[in-house]
Structure formats: structure tokens, C-alpha cells
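Okay, so here's the structure we're looking at.
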Amino acid sequence: MELDPRRLRVLRAVALRGGVVDAAKVLHLTPSAVSQHLAQLEREVGQPLVDRSRRRAGLTPAGRLLAARAERIEHELAEARRELAELTGRSTGPVTVAAFSSAVCHLLVPALAALARTHPGLEPRVVEAEGPEALRELRTGGLDLLVVEYDGDDPDPDEQWRDLASAPLADDEYRVITPADWSPPPRTVRDLADRPWVTAPPSTACGRALARISAQYAFTPRRAHTAVEFPTTLALVRAGLGAAVVPTLALTDAPPETVALPTVQVAGHRRIAATWPASPSGPQPRTSALVEALQQSAMNLGLTPAPVDSPLPPIP
């Protein structure tokens, strides 16, 4: 009985993603092609590997056995890539990375420009994504690396992060910003108690920062507007519609009409980290090269390096 390793990789993707359609997306194949690979593998082993009695394809006991073997083969191939990278000093091959908007613009884009010079064989693919769905993609093979943000006051992570490894990129200080033409001009956060705010959703890092600031200064912010993306927040502030809490990274290209209060230190910081699936042998060379380039991007911007042992946040 001959087993084609390429078809074992297809079976592994179905096991990780929980279905043919999602596996096809990760493998950059059509669902029909994935089904054909599975059918041929079943003919090779002489027994069914996929339970087609359910709406979403599950694996039979034989399928789960082969998928586990395919996982071990993938680890061996990863180790081979690591050894080759050590020989040549360069990482090659595809790598898929996801990040939130401001990290893409100010950390990831410069990192990829540097990698194009130092690792020309690297084939990066960028996805703008964050939150639970991005974490699912990371865990099921859709991503190689994910850049996450969380509030610096978040508690230690729970057990759900045990399957992920991480590296700190930066501690990005928050700024309280106000329109330049407000009269009288606010001098402290207390002067903003009765002013309108452009707020982030409460579950976000900036949303929690505003909650902390308002509790410290004993006022309830007047949530006049809600914005998710920082360019939207800056546009609303520039238009005179409210104050806001934003991280320093978001102000990299801020217009001069937007000003920061002198009492910014009360706002704390968000932490930015890179995370990837944990492995006993450590990260892939492609992942390591990308993390190092991201850390250099953060240093070039003057962002405060995060502590090495900074924890990941609780799962959203």
C-alpha cells in the first residue's frame, strides 16, 4: 500500500478545519479537488476515512489515525525546513500573517520590506484580522502568525492559551487626544468630564483604557460616538466631535489638528505581541524571521519594548 504524503496533508487539513470547504481554503484548492484527494486516499488504504453521514465531514477511526500520522510528518518536514534554514542563513517559502489595522500599516509593512532584502525567498501573505475568528484561523492552520493587542492591565491568561507561543513586540502607550479648537482648551482629564467622547467598543483595549481613566477621575464619559478603526476615531476628533483614547502607534500619521493632552500618562498602555502555534522544537524559521523583523519595526518607531515574559490576554 502506497500513501501519497500530499494526500495525507489534505486529510490533516480536513481534520484541523472540521470540513472539506474550510480545508480547501487553507490548501488553496477547490472543495472538489479536496474531495478527489480524499477519495483517492481512501482507495489507497481500502477503507473510508471520512464520515459522510453528517453535514460536516468528520473522520472515521482510520481517518483519525492517518491524520495523527500526517501531523507527525508535518512536524518532521518543519524540522527539515529549520535545519535547511540554519545551513543557508535564509528562510524561504510561504508564511501567512494576520494583524489588526494599525499593526499592518506601521509594523508589518516595514517588516516585510526589510524581509524582502534579507530573506528574498520568503513568500508573505497578509490578512487584516483580529479577535476570536483570527485565533481560530491560527489554531486550525489558516495562519502561521497572528499579531494581537490587549490592554496592559489585562489579567494573566487562562489555560486556553497553552497551545500558543508568543513573543513581545511593544508596549504602546495610550494618548488622550482632543480637538485643537475646543474652547476653553482642556488642561487635564478632569476637564473632559462633561465633554463628548469618541469611544471604542468596551471589549477592546482602548475601551477598557477609557473605563480605567474615567474610574480614576470619577466621571462617566459621555459616549457621543463609537468607532472601531483609528482613522475613523481621528477624523471624528479632528472634526471637533469628541475626545478619545488612542495608542501612540495610531498617531504616527495623525494630522496636526489633533492634539494630545499633557496628562497622557494616566492612560496606561496596550501590549502588542506576535503569537503562533506552540511546538516542542520552537517556531518555524519563517516565523522567527518575521517576528524579528516586527520587533525591529517597533524599535524603529521608538515604541517601548514589552517585557519578555509579558503574558497573553484572556481569550475574548
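In the C-alpha cells, the first chain shown is A, the next is B, and so on; residue numbers restart at 1 for each chain, and ligands run from 1 in the order shown.
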Residue list (strand (DSSP E), DSSP) for stretch 24-172 of chain A, as a ChimeraX atom specification:
/A:50-51,58-59,93-99,122-128,145-151,164-172
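Non-sequential neighbours of A:Arg187 (distance at most 12 Å, separation of 4 or more positions within a chain, only C-alpha atoms) are Val176, Ile177, Thr178, Ala180, Trp182, Ser183, Asp191, Leu192, Ala193, Val259, Ala260, Leu261, Pro262, Thr263 and Val264 of chain A.
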Export of prior selection with all heavy atoms as an mmCIF file, in the first residue's frame:
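File written: selection.cif
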```
data_model
loop_
_atom_site.group_PDB
_atom_site.id
_atom_site.type_symbol
_atom_site.label_atom_id
_atom_site.label_comp_id
_atom_site.auth_asym_id
_atom_site.auth_seq_id
_atom_site.Cartn_x
_atom_site.Cartn_y
_atom_site.Cartn_z
ATOM 1 N N VAL A 176 -4.535 60.445 25.411
ATOM 2 C CA VAL A 176 -5.854 61.085 25.424
ATOM 3 C C VAL A 176 -5.760 62.281 24.489
ATOM 4 O O VAL A 176 -4.940 63.175 24.698
ATOM 5 C CB VAL A 176 -6.247 61.539 26.842
ATOM 6 C CG1 VAL A 176 -7.609 62.234 26.811
ATOM 7 C CG2 VAL A 176 -6.283 60.346 27.790
ATOM 8 N N ILE A 177 -6.559 62.290 23.431
ATOM 9 C CA ILE A 177 -6.489 63.365 22.450
ATOM 10 C C ILE A 177 -7.804 64.134 22.399
ATOM 11 O O ILE A 177 -8.867 63.600 22.699
ATOM 12 C CB ILE A 177 -6.131 62.831 21.048
ATOM 13 C CG1 ILE A 177 -7.176 61.827 20.562
ATOM 14 C CG2 ILE A 177 -4.747 62.184 21.060
ATOM 15 C CD1 ILE A 177 -6.997 61.401 19.118
ATOM 16 N N THR A 178 -7.703 65.404 22.050
ATOM 17 C CA THR A 178 -8.872 66.282 21.963
ATOM 18 C C THR A 178 -8.781 67.140 20.708
ATOM 19 O O THR A 178 -7.689 67.326 20.154
ATOM 20 C CB THR A 178 -8.947 67.214 23.186
ATOM 21 O OG1 THR A 178 -7.809 68.093 23.152
ATOM 22 C CG2 THR A 178 -8.954 66.429 24.485
ATOM 23 N N ALA A 180 -8.299 70.362 18.513
ATOM 24 C CA ALA A 180 -7.418 71.508 18.758
ATOM 25 C C ALA A 180 -8.189 72.791 19.004
ATOM 26 O O ALA A 180 -7.670 73.715 19.645
ATOM 27 C CB ALA A 180 -6.474 71.691 17.574
ATOM 28 N N TRP A 182 -11.149 73.235 20.648
ATOM 29 C CA TRP A 182 -12.094 73.291 21.757
ATOM 30 C C TRP A 182 -11.797 74.506 22.638
ATOM 31 O O TRP A 182 -10.639 74.816 22.931
ATOM 32 C CB TRP A 182 -12.003 72.024 22.598
ATOM 33 C CG TRP A 182 -13.006 70.981 22.172
ATOM 34 C CD1 TRP A 182 -13.891 71.070 21.147
ATOM 35 C CD2 TRP A 182 -13.200 69.701 22.771
ATOM 36 N NE1 TRP A 182 -14.635 69.920 21.055
ATOM 37 C CE2 TRP A 182 -14.236 69.059 22.051
ATOM 38 C CE3 TRP A 182 -12.610 69.030 23.829
ATOM 39 C CZ2 TRP A 182 -14.698 67.787 22.364
ATOM 40 C CZ3 TRP A 182 -13.060 67.758 24.143
ATOM 41 C CH2 TRP A 182 -14.094 67.143 23.426
ATOM 42 N N SER A 183 -12.845 75.171 23.055
ATOM 43 C CA SER A 183 -12.701 76.345 23.923
ATOM 44 C C SER A 183 -13.711 76.238 25.074
ATOM 45 O O SER A 183 -14.912 76.020 24.827
ATOM 46 C CB SER A 183 -12.953 77.625 23.122
ATOM 47 O OG SER A 183 -12.769 78.757 23.939
ATOM 48 N N ASP A 191 -11.059 67.992 33.052
ATOM 49 C CA ASP A 191 -11.748 68.982 32.222
ATOM 50 C C ASP A 191 -12.605 68.335 31.140
ATOM 51 O O ASP A 191 -13.380 69.014 30.464
ATOM 52 C CB ASP A 191 -10.733 69.914 31.552
ATOM 53 C CG ASP A 191 -9.982 70.775 32.561
ATOM 54 O OD1 ASP A 191 -10.519 70.996 33.668
ATOM 55 O OD2 ASP A 191 -8.857 71.204 32.250
ATOM 56 N N LEU A 192 -12.467 67.018 30.970
ATOM 57 C CA LEU A 192 -13.226 66.314 29.935
ATOM 58 C C LEU A 192 -14.447 65.593 30.488
ATOM 59 O O LEU A 192 -15.143 64.897 29.761
ATOM 60 C CB LEU A 192 -12.324 65.291 29.239
ATOM 61 C CG LEU A 192 -11.108 65.863 28.517
ATOM 62 C CD1 LEU A 192 -10.224 64.735 28.007
ATOM 63 C CD2 LEU A 192 -11.545 66.753 27.365
ATOM 64 N N ALA A 193 -14.720 65.773 31.778
ATOM 65 C CA ALA A 193 -15.821 65.048 32.410
ATOM 66 C C ALA A 193 -17.161 65.329 31.740
ATOM 67 O O ALA A 193 -18.016 64.445 31.628
ATOM 68 C CB ALA A 193 -15.889 65.394 33.893
ATOM 69 N N VAL A 259 -4.628 67.094 18.855
ATOM 70 C CA VAL A 259 -3.611 67.343 19.876
ATOM 71 C C VAL A 259 -3.778 66.373 21.035
ATOM 72 O O VAL A 259 -4.859 65.846 21.274
ATOM 73 C CB VAL A 259 -3.685 68.801 20.392
ATOM 74 C CG1 VAL A 259 -3.421 69.766 19.265
ATOM 75 C CG2 VAL A 259 -5.040 69.083 21.033
ATOM 76 N N ALA A 260 -2.693 66.129 21.763
ATOM 77 C CA ALA A 260 -2.717 65.250 22.925
ATOM 78 C C ALA A 260 -2.664 66.073 24.191
ATOM 79 O O ALA A 260 -1.996 67.107 24.251
ATOM 80 C CB ALA A 260 -1.536 64.285 22.876
ATOM 81 N N LEU A 261 -3.376 65.646 25.206
ATOM 82 C CA LEU A 261 -3.331 66.318 26.497
ATOM 83 C C LEU A 261 -1.984 66.072 27.178
ATOM 84 O O LEU A 261 -1.344 65.052 26.945
ATOM 85 C CB LEU A 261 -4.439 65.790 27.405
ATOM 86 C CG LEU A 261 -5.876 66.199 27.045
ATOM 87 C CD1 LEU A 261 -6.843 65.522 27.991
ATOM 88 C CD2 LEU A 261 -6.033 67.705 27.129
ATOM 89 N N PRO A 262 -1.559 66.971 28.054
ATOM 90 C CA PRO A 262 -0.287 66.766 28.744
ATOM 91 C C PRO A 262 -0.346 65.678 29.813
ATOM 92 O O PRO A 262 0.684 65.263 30.323
ATOM 93 C CB PRO A 262 -0.016 68.132 29.387
ATOM 94 C CG PRO A 262 -1.359 68.758 29.529
ATOM 95 C CD PRO A 262 -2.158 68.289 28.356
ATOM 96 N N THR A 263 -1.529 65.218 30.188
ATOM 97 C CA THR A 263 -1.651 64.221 31.258
ATOM 98 C C THR A 263 -1.809 62.809 30.697
ATOM 99 O O THR A 263 -2.520 61.994 31.242
ATOM 100 C CB THR A 263 -2.856 64.556 32.152
ATOM 101 O OG1 THR A 263 -4.013 64.707 31.316
ATOM 102 C CG2 THR A 263 -2.628 65.822 32.927
ATOM 103 N N VAL A 264 -1.120 62.512 29.600
ATOM 104 C CA VAL A 264 -1.314 61.232 28.921
ATOM 105 C C VAL A 264 -0.896 60.031 29.749
ATOM 106 O O VAL A 264 -1.360 58.931 29.497
ATOM 107 C CB VAL A 264 -0.530 61.217 27.592
ATOM 108 C CG1 VAL A 264 -1.137 62.199 26.635
ATOM 109 C CG2 VAL A 264 0.933 61.540 27.829
#
```
Between atom CA of A:Leu303 and atom CA of A:Val245 - distance in Å to one decimal:
17.2 Å
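Restricting the calculation to only C-alpha atoms, the smallest distance between A:Tyr174 and any of A:Gln47, A:Ser297, A:Thr275, A:Thr248 is found for A:Thr248.
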Applying 12 Å and only C-alpha atoms, which residues near A:Ser35 remain after dropping the ones on its own chain fewer than 3 positions away? List them as an mmCIF file with N, CA, C and O atoms, in the first residue's frame.
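Ended up saving to out-v3.cif:
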```
data_model
loop_
_atom_site.group_PDB
_atom_site.id
_atom_site.type_symbol
_atom_site.label_atom_id
_atom_site.label_comp_id
_atom_site.auth_asym_id
_atom_site.auth_seq_id
_atom_site.Cartn_x
_atom_site.Cartn_y
_atom_site.Cartn_z
ATOM 1 N N ARG A 7 -1.587 13.744 -0.133
ATOM 2 C CA ARG A 7 -2.976 13.459 0.246
ATOM 3 C C ARG A 7 -3.124 13.376 1.760
ATOM 4 O O ARG A 7 -4.171 13.711 2.308
ATOM 5 N N VAL A 10 -3.736 16.778 2.910
ATOM 6 C CA VAL A 10 -5.136 17.157 2.707
ATOM 7 C C VAL A 10 -5.998 16.612 3.847
ATOM 8 O O VAL A 10 -6.848 17.318 4.404
ATOM 9 N N LEU A 11 -5.770 15.347 4.213
ATOM 10 C CA LEU A 11 -6.527 14.751 5.315
ATOM 11 C C LEU A 11 -6.279 15.508 6.611
ATOM 12 O O LEU A 11 -7.210 15.737 7.406
ATOM 13 N N ALA A 13 -5.561 18.657 6.940
ATOM 14 C CA ALA A 13 -6.277 19.930 6.879
ATOM 15 C C ALA A 13 -7.763 19.738 7.172
ATOM 16 O O ALA A 13 -8.381 20.547 7.861
ATOM 17 N N VAL A 14 -8.348 18.653 6.663
ATOM 18 C CA VAL A 14 -9.761 18.377 6.946
ATOM 19 C C VAL A 14 -9.958 18.141 8.439
ATOM 20 O O VAL A 14 -10.935 18.602 9.044
ATOM 21 N N GLY A 19 -13.843 20.204 8.108
ATOM 22 C CA GLY A 19 -14.672 20.078 6.925
ATOM 23 C C GLY A 19 -13.902 20.289 5.649
ATOM 24 O O GLY A 19 -12.779 20.833 5.659
ATOM 25 N N VAL A 20 -14.486 19.865 4.539
ATOM 26 C CA VAL A 20 -13.830 19.949 3.245
ATOM 27 C C VAL A 20 -13.703 21.383 2.763
ATOM 28 O O VAL A 20 -12.658 21.792 2.249
ATOM 29 N N VAL A 21 -14.770 22.170 2.919
ATOM 30 C CA VAL A 21 -14.770 23.537 2.389
ATOM 31 C C VAL A 21 -13.703 24.388 3.080
ATOM 32 O O VAL A 21 -12.923 25.092 2.418
ATOM 33 N N ASP A 22 -13.638 24.320 4.401
ATOM 34 C CA ASP A 22 -12.638 25.107 5.127
ATOM 35 C C ASP A 22 -11.230 24.600 4.845
ATOM 36 O O ASP A 22 -10.277 25.388 4.768
ATOM 37 N N ALA A 23 -11.080 23.297 4.691
ATOM 38 C CA ALA A 23 -9.760 22.752 4.361
ATOM 39 C C ALA A 23 -9.309 23.252 2.995
ATOM 40 O O ALA A 23 -8.127 23.557 2.787
ATOM 41 N N ALA A 24 -10.240 23.347 2.057
ATOM 42 C CA ALA A 24 -9.898 23.823 0.716
ATOM 43 C C ALA A 24 -9.359 25.246 0.757
ATOM 44 O O ALA A 24 -8.433 25.593 0.019
ATOM 45 N N LEU A 29 -7.094 25.132 -2.620
ATOM 46 C CA LEU A 29 -7.663 24.215 -3.589
ATOM 47 C C LEU A 29 -9.167 24.425 -3.652
ATOM 48 O O LEU A 29 -9.751 25.100 -2.803
ATOM 49 N N THR A 30 -9.805 23.843 -4.640
ATOM 50 C CA THR A 30 -11.268 23.850 -4.676
ATOM 51 C C THR A 30 -11.785 22.729 -3.776
ATOM 52 O O THR A 30 -11.092 21.716 -3.566
ATOM 53 N N PRO A 31 -13.002 22.855 -3.240
ATOM 54 C CA PRO A 31 -13.564 21.748 -2.454
ATOM 55 C C PRO A 31 -13.626 20.447 -3.252
ATOM 56 O O PRO A 31 -13.427 19.357 -2.696
ATOM 57 N N SER A 32 -13.874 20.560 -4.552
ATOM 58 C CA SER A 32 -13.905 19.366 -5.393
ATOM 59 C C SER A 32 -12.547 18.673 -5.421
ATOM 60 O O SER A 32 -12.467 17.435 -5.332
ATOM 61 N N LEU A 38 -9.215 13.034 -1.139
ATOM 62 C CA LEU A 38 -9.672 12.144 -0.074
ATOM 63 C C LEU A 38 -10.162 10.817 -0.640
ATOM 64 O O LEU A 38 -9.877 9.744 -0.079
ATOM 65 N N ALA A 39 -10.903 10.868 -1.743
ATOM 66 C CA ALA A 39 -11.413 9.639 -2.356
ATOM 67 C C ALA A 39 -10.269 8.749 -2.824
ATOM 68 O O ALA A 39 -10.299 7.513 -2.640
ATOM 69 N N GLN A 40 -9.237 9.360 -3.409
ATOM 70 C CA GLN A 40 -8.091 8.581 -3.868
ATOM 71 C C GLN A 40 -7.336 7.975 -2.688
ATOM 72 O O GLN A 40 -6.894 6.822 -2.739
ATOM 73 N N LEU A 41 -7.208 8.730 -1.590
ATOM 74 C CA LEU A 41 -6.531 8.205 -0.401
ATOM 75 C C LEU A 41 -7.318 7.029 0.175
ATOM 76 O O LEU A 41 -6.729 6.039 0.627
ATOM 77 N N GLU A 42 -8.642 7.128 0.156
ATOM 78 C CA GLU A 42 -9.467 6.021 0.638
ATOM 79 C C GLU A 42 -9.279 4.776 -0.223
ATOM 80 O O GLU A 42 -9.252 3.647 0.286
ATOM 81 N N LEU A 49 -12.219 6.980 5.180
ATOM 82 C CA LEU A 49 -11.502 7.853 6.107
ATOM 83 C C LEU A 49 -12.356 9.014 6.579
ATOM 84 O O LEU A 49 -12.061 9.625 7.606
ATOM 85 N N VAL A 50 -13.403 9.317 5.815
ATOM 86 C CA VAL A 50 -14.278 10.440 6.124
ATOM 87 C C VAL A 50 -15.685 9.929 6.370
ATOM 88 O O VAL A 50 -16.223 9.134 5.578
ATOM 89 N N ARG A 52 -19.221 10.595 6.023
ATOM 90 C CA ARG A 52 -20.057 11.489 5.223
ATOM 91 C C ARG A 52 -21.523 11.432 5.612
ATOM 92 O O ARG A 52 -22.381 11.969 4.915
ATOM 93 N N ALA A 57 -18.102 17.119 7.369
ATOM 94 C CA ALA A 57 -17.306 15.894 7.260
ATOM 95 C C ALA A 57 -16.480 15.681 8.528
ATOM 96 O O ALA A 57 -15.720 16.549 8.939
#
```
As a list in words, please: the residues near A:Asp163 (cut-off 10 Å, only C-alpha atoms, same-chain neighbours under 5 positions excluded).
Arg139, Trp276, Pro277, Ala278 and Ser279 of chain A
As number ranges by chain, please: the residues near A:Ile213 (cut-off 12 Å, only C-alpha atoms, same-chain neighbours under 2 positions excluded).
A: 174-176, 188-190, 192-193, 206-211, 215-221, 244-245, 263-269
Please save N, CA, C and O atoms of the selected residues as a CSV table (one decimal), in the first residue's frame.
```csv
chain,number,residue,atom,x,y,z
A,174,TYR,N,-1.0,54.7,25.6
A,174,TYR,CA,-2.2,55.4,25.1
A,174,TYR,C,-2.0,56.9,25.2
A,174,TYR,O,-1.2,57.4,26.0
A,175,ARG,N,-2.7,57.6,24.4
A,175,ARG,CA,-2.8,59.0,24.5
A,175,ARG,C,-4.3,59.5,24.6
A,175,ARG,O,-5.1,58.9,23.9
A,176,VAL,N,-4.5,60.4,25.4
A,176,VAL,CA,-5.9,61.1,25.4
A,176,VAL,C,-5.8,62.3,24.5
A,176,VAL,O,-4.9,63.2,24.7
A,188,THR,N,-6.6,69.1,31.8
A,188,THR,CA,-6.4,67.8,32.4
A,188,THR,C,-7.6,66.9,32.0
A,188,THR,O,-8.6,67.4,31.4
A,189,VAL,N,-7.5,65.7,32.4
A,189,VAL,CA,-8.6,64.7,32.1
A,189,VAL,C,-9.9,65.2,32.8
A,189,VAL,O,-11.0,65.0,32.3
A,190,ARG,N,-9.8,65.8,34.0
A,190,ARG,CA,-11.0,66.2,34.7
A,190,ARG,C,-11.7,67.2,33.9
A,190,ARG,O,-13.0,67.3,34.0
A,192,LEU,N,-12.5,67.0,31.0
A,192,LEU,CA,-13.2,66.3,29.9
A,192,LEU,C,-14.4,65.6,30.5
A,192,LEU,O,-15.1,64.9,29.8
A,193,ALA,N,-14.7,65.8,31.8
A,193,ALA,CA,-15.8,65.0,32.4
A,193,ALA,C,-17.2,65.3,31.7
A,193,ALA,O,-18.0,64.4,31.6
A,206,CYS,N,-8.7,49.8,24.0
A,206,CYS,CA,-8.9,51.3,24.2
A,206,CYS,C,-10.2,51.5,25.0
A,206,CYS,O,-10.3,52.4,25.8
A,207,GLY,N,-11.2,50.6,24.8
A,207,GLY,CA,-12.4,50.7,25.5
A,207,GLY,C,-12.2,50.5,27.0
A,207,GLY,O,-12.7,51.2,27.9
A,208,ARG,N,-11.3,49.5,27.3
A,208,ARG,CA,-11.0,49.3,28.7
A,208,ARG,C,-10.1,50.4,29.3
A,208,ARG,O,-10.2,50.7,30.5
A,209,ALA,N,-9.3,51.0,28.5
A,209,ALA,CA,-8.5,52.1,29.0
A,209,ALA,C,-9.3,53.3,29.4
A,209,ALA,O,-9.1,53.9,30.4
A,210,LEU,N,-10.3,53.6,28.5
A,210,LEU,CA,-11.2,54.7,28.9
A,210,LEU,C,-12.0,54.4,30.2
A,210,LEU,O,-12.2,55.3,31.0
A,211,ALA,N,-12.4,53.2,30.4
A,211,ALA,CA,-13.1,52.8,31.6
A,211,ALA,C,-12.2,53.0,32.8
A,211,ALA,O,-12.7,53.5,33.9
A,215,ALA,N,-12.8,55.9,35.7
A,215,ALA,CA,-13.0,55.5,37.1
A,215,ALA,C,-12.0,56.2,38.0
A,215,ALA,O,-12.3,56.6,39.1
A,216,GLN,N,-10.7,56.4,37.5
A,216,GLN,CA,-9.7,57.1,38.2
A,216,GLN,C,-10.1,58.5,38.5
A,216,GLN,O,-9.8,59.0,39.6
A,217,TYR,N,-10.7,59.2,37.6
A,217,TYR,CA,-11.1,60.6,37.7
A,217,TYR,C,-12.6,60.8,38.1
A,217,TYR,O,-13.1,61.9,38.1
A,218,ALA,N,-13.3,59.7,38.4
A,218,ALA,CA,-14.6,59.7,39.0
A,218,ALA,C,-15.6,60.5,38.1
A,218,ALA,O,-16.3,61.4,38.5
A,219,PHE,N,-15.7,60.1,36.8
A,219,PHE,CA,-16.7,60.6,35.9
A,219,PHE,C,-17.2,59.6,35.0
A,219,PHE,O,-16.5,58.6,34.7
A,220,THR,N,-18.4,59.7,34.4
A,220,THR,CA,-18.9,58.8,33.4
A,220,THR,C,-18.8,59.5,32.1
A,220,THR,O,-19.4,60.5,31.8
A,221,PRO,N,-18.0,58.9,31.2
A,221,PRO,CA,-17.8,59.6,29.9
A,221,PRO,C,-19.1,59.6,29.1
A,221,PRO,O,-19.9,58.7,29.1
A,244,ALA,N,-10.8,61.3,22.7
A,244,ALA,CA,-10.7,59.9,22.5
A,244,ALA,C,-9.4,59.4,23.2
A,244,ALA,O,-8.5,60.2,23.5
A,245,VAL,N,-9.4,58.1,23.4
A,245,VAL,CA,-8.2,57.4,23.9
A,245,VAL,C,-7.6,56.6,22.7
A,245,VAL,O,-8.4,55.8,22.1
A,263,THR,N,-1.5,65.2,30.2
A,263,THR,CA,-1.7,64.2,31.3
A,263,THR,C,-1.8,62.8,30.7
A,263,THR,O,-2.5,62.0,31.2
A,264,VAL,N,-1.1,62.5,29.6
A,264,VAL,CA,-1.3,61.2,28.9
A,264,VAL,C,-0.9,60.0,29.7
A,264,VAL,O,-1.4,58.9,29.5
A,265,GLN,N,0.0,60.2,30.7
A,265,GLN,CA,0.5,59.0,31.4
A,265,GLN,C,-0.6,58.3,32.2
A,265,GLN,O,-0.4,57.2,32.6
A,266,VAL,N,-1.7,58.9,32.5
A,266,VAL,CA,-2.8,58.2,33.2
A,266,VAL,C,-3.4,57.1,32.4
A,266,VAL,O,-4.1,56.3,33.0
A,267,ALA,N,-3.2,57.1,31.1
A,267,ALA,CA,-3.9,56.2,30.3
A,267,ALA,C,-3.3,54.8,30.2
A,267,ALA,O,-4.0,53.9,29.7
A,268,GLY,N,-2.1,54.6,30.7
A,268,GLY,CA,-1.5,53.2,30.6
A,268,GLY,C,-1.1,52.9,29.2
A,268,GLY,O,-0.6,53.7,28.4
A,269,HIS,N,-1.1,51.6,28.8
A,269,HIS,CA,-0.6,51.2,27.5
A,269,HIS,C,-1.3,49.9,27.1
A,269,HIS,O,-2.0,49.2,27.9
```
Compare A:Gly282, A:Pro168, A:Gly302, A:Thr204 by their minimum atom-to-atom distance to A:Tyr150, counting only C-alpha atoms, and give me the closest one.
A:Thr204
When you look at A:Arg136 with a cut-off of 12 Å (counting only C-alpha atoms), what residues show up, excluding the ones that are within fewer than 3 positions of it in the same chain? I need them as a ChimeraX atom specification.
/A:16-18,22,98,129-133,139-146,160-161,163-164,276-277,315-316
As an mmCIF file with N, CA and C atoms, in the first residue's frame, please: the residues near A:Arg286 (cut-off 7 Å, only C-alpha atoms, same-chain neighbours under 6 positions excluded).
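For reference, out_5.cif as written:
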```
data_model
loop_
_atom_site.group_PDB
_atom_site.id
_atom_site.type_symbol
_atom_site.label_atom_id
_atom_site.label_comp_id
_atom_site.auth_asym_id
_atom_site.auth_seq_id
_atom_site.Cartn_x
_atom_site.Cartn_y
_atom_site.Cartn_z
ATOM 1 N N SER A 91 15.482 32.110 5.353
ATOM 2 C CA SER A 91 14.218 31.392 5.386
ATOM 3 C C SER A 91 13.514 31.557 4.053
ATOM 4 N N THR A 92 12.850 30.505 3.613
ATOM 5 C CA THR A 92 12.139 30.543 2.342
ATOM 6 C C THR A 92 10.756 29.940 2.508
ATOM 7 N N VAL A 95 4.433 32.189 4.103
ATOM 8 C CA VAL A 95 4.087 32.429 5.501
ATOM 9 C C VAL A 95 2.904 33.391 5.526
#
```
